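Below is one structure, written out as structure tokens; the observations come after it.
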Amino acid sequence: MYIKDEVSSTLIIEKSRFIAYIKPVFSEDEYKEYLKEIRKKYYDASHVVSAFISNNIKRSSDDGEPSGTGGIPVLNILEKNNLNNTCCLVVRYFGGIKLGVGGLSRAYSNAALEALKKAIIVEDYIYPKYELISDYEVANKLDNLLMNNTYLLNKDYDVNVKITFVLKNESILDKIKEITKGKSPTLIGEEIIQKVIK
């Protein structure tokens, strides 16, 4: 699971401002590039704490905050929510009141959680992709079945109709065969379909 789009939120704790960003990233290079971009945007910030998780790679940085008070708590939020291919950066502007080790950890965690509340979480699913060429009459008969049981990718109308679709449920292959009088769709590969989890 990962975040669909970049989200951000701001939290004020004891006069310190915490601006959290969560974004989908699919490589360590992409994460480093994003971190560079946020650091440049908030060049005058006290700290930019960061956490990143992608498959088996996990990174976190306290960026000058006391060890373990920023990066690890933020990384823990990503892990507890089963996120992958995601990074969270929390920009802090110090407000003059020290929060202590526990207070800092909670502040960074809460900032990450606030941003996460705004996020749409998605997951990729791999489905078989099929192609079917039929005449117009058969294509019309297939319409309802395909609309309800597939992700329709494309329909090309020429002499015949070429339909490209992804099956949600392979049990309808027999029903397709029945409507097309024995003509099976051709398996042409796989398609990744993104589903919203939250």
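Identifiers for the structure tokens are assigned positionally: chains receive A, B, ... in sequence, residues are indexed from 1 per chain, and ligands are indexed from 1 in the order shown.
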
Excluding same-chain residues fewer than 3 positions from Ile163 of chain A, what lies within 6 Å of it counting only C-alpha atoms, as a list of chain:residue names? A:Glu131, A:Leu132, A:Asn154, A:Lys155

Nearby residues (only C-alpha atoms) at most 12 Å from Asn140 of chain A, same-chain spacing under 4 positions excluded, as a PDB file with N, CA and C atoms, in the first residue's frame:
ATOM      1  N   SER A 134     -14.708  -9.476 -32.049  1.00  0.00           N
ATOM      2  CA  SER A 134     -16.008 -10.058 -32.390  1.00  0.00           C
ATOM      3  C   SER A 134     -16.773  -9.119 -33.311  1.00  0.00           C
ATOM      4  N   ASP A 135     -17.899  -9.622 -33.833  1.00  0.00           N
ATOM      5  CA  ASP A 135     -18.736  -8.733 -34.653  1.00  0.00           C
ATOM      6  C   ASP A 135     -19.551  -7.832 -33.717  1.00  0.00           C
ATOM      7  N   TYR A 136     -20.219  -6.863 -34.304  1.00  0.00           N
ATOM      8  CA  TYR A 136     -20.943  -5.852 -33.526  1.00  0.00           C
ATOM      9  C   TYR A 136     -22.078  -6.465 -32.695  1.00  0.00           C
ATOM     10  N   ASN A 144     -23.073  -5.777 -21.116  1.00  0.00           N
ATOM     11  CA  ASN A 144     -23.421  -5.804 -19.691  1.00  0.00           C
ATOM     12  C   ASN A 144     -22.496  -6.690 -18.883  1.00  0.00           C
ATOM     13  N   LEU A 145     -22.194  -7.867 -19.423  1.00  0.00           N
ATOM     14  CA  LEU A 145     -21.318  -8.818 -18.740  1.00  0.00           C
ATOM     15  C   LEU A 145     -19.943  -8.204 -18.498  1.00  0.00           C
ATOM     16  N   LEU A 146     -19.396  -7.567 -19.529  1.00  0.00           N
ATOM     17  CA  LEU A 146     -18.065  -6.970 -19.416  1.00  0.00           C
ATOM     18  C   LEU A 146     -18.078  -5.741 -18.507  1.00  0.00           C
ATOM     19  N   MET A 147     -19.135  -4.937 -18.584  1.00  0.00           N
ATOM     20  CA  MET A 147     -19.230  -3.740 -17.738  1.00  0.00           C
ATOM     21  C   MET A 147     -19.221  -4.099 -16.252  1.00  0.00           C
ATOM     22  N   LYS A 155     -12.004  -0.139 -26.514  1.00  0.00           N
ATOM     23  CA  LYS A 155     -12.908  -0.729 -27.510  1.00  0.00           C
ATOM     24  C   LYS A 155     -12.607  -0.056 -28.834  1.00  0.00           C
ATOM     25  N   TYR A 157     -13.601   0.142 -32.773  1.00  0.00           N
ATOM     26  CA  TYR A 157     -14.635  -0.226 -33.739  1.00  0.00           C
ATOM     27  C   TYR A 157     -14.062  -0.093 -35.143  1.00  0.00           C
ATOM     28  N   ASN A 160     -14.667  -5.250 -37.339  1.00  0.00           N
ATOM     29  CA  ASN A 160     -15.128  -5.935 -36.132  1.00  0.00           C
ATOM     30  C   ASN A 160     -14.870  -5.019 -34.931  1.00  0.00           C
ATOM     31  N   VAL A 161     -15.243  -5.500 -33.759  1.00  0.00           N
ATOM     32  CA  VAL A 161     -14.978  -4.753 -32.531  1.00  0.00           C
ATOM     33  C   VAL A 161     -13.843  -5.463 -31.780  1.00  0.00           C
ATOM     34  N   ILE A 163     -12.032  -5.617 -28.308  1.00  0.00           N
ATOM     35  CA  ILE A 163     -12.232  -5.219 -26.918  1.00  0.00           C
ATOM     36  C   ILE A 163     -11.034  -5.685 -26.092  1.00  0.00           C
ATOM     37  N   ILE A 179     -21.539 -16.751 -24.950  1.00  0.00           N
ATOM     38  CA  ILE A 179     -22.108 -15.652 -25.744  1.00  0.00           C
ATOM     39  C   ILE A 179     -21.434 -15.570 -27.118  1.00  0.00           C
ATOM     40  N   THR A 180     -20.120 -15.840 -27.167  1.00  0.00           N
ATOM     41  CA  THR A 180     -19.389 -15.743 -28.446  1.00  0.00           C
ATOM     42  C   THR A 180     -19.425 -17.051 -29.232  1.00  0.00           C
TER      43      THR A 180
END

To one decimal place in Å, what is the distance between atom CA of Gly68 of chain A and atom CA of Ile121 of chain A?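 Atom CA of Gly68 of chain A sits 26.6 Å away from atom CA of Ile121 of chain A.
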
Contacts between segment 181-192 of chain A and segment 73-145 of chain A, please, where a residue of segment 73-145 of chain A counts if it comes within 8 Å (with only C-alpha atoms); show its shortest atom pair and distance in Å to one decimal, rows by chain and ascending number, as a tab-separated table.
residue	atom	partner	partner_atom	distance
A:Asp124	CA	A:Ile192	CA	6.0
A:Tyr125	CA	A:Ile192	CA	5.5
A:Ile126	CA	A:Ile192	CA	4.6
A:Tyr127	CA	A:Glu191	CA	5.4
A:Pro128	CA	A:Glu190	CA	4.5
A:Lys129	CA	A:Glu190	CA	4.9
A:Tyr130	CA	A:Leu187	CA	4.5
A:Glu131	CA	A:Thr186	CA	5.2
A:Leu132	CA	A:Pro185	CA	4.6
A:Ile133	CA	A:Pro185	CA	7.7

Once you count only C-alpha atoms, what closest atom pair and distance in Å to one decimal does each residue of segment 70-132 of chain A within 6 Å of segment 34-49 of chain A have, with rows by chain and rising residue number, as CSV?
residue,atom,partner,partner_atom,distance
A:Gly70,CA,A:Val49,CA,5.8
A:Gly71,CA,A:Val49,CA,5.6
A:Leu89,CA,A:Val49,CA,5.7
A:Val90,CA,A:Val49,CA,5.1
A:Val91,CA,A:Val48,CA,4.4
A:Arg92,CA,A:His47,CA,5.2
A:Tyr93,CA,A:Ala45,CA,5.1
A:Phe94,CA,A:Ser46,CA,6.0
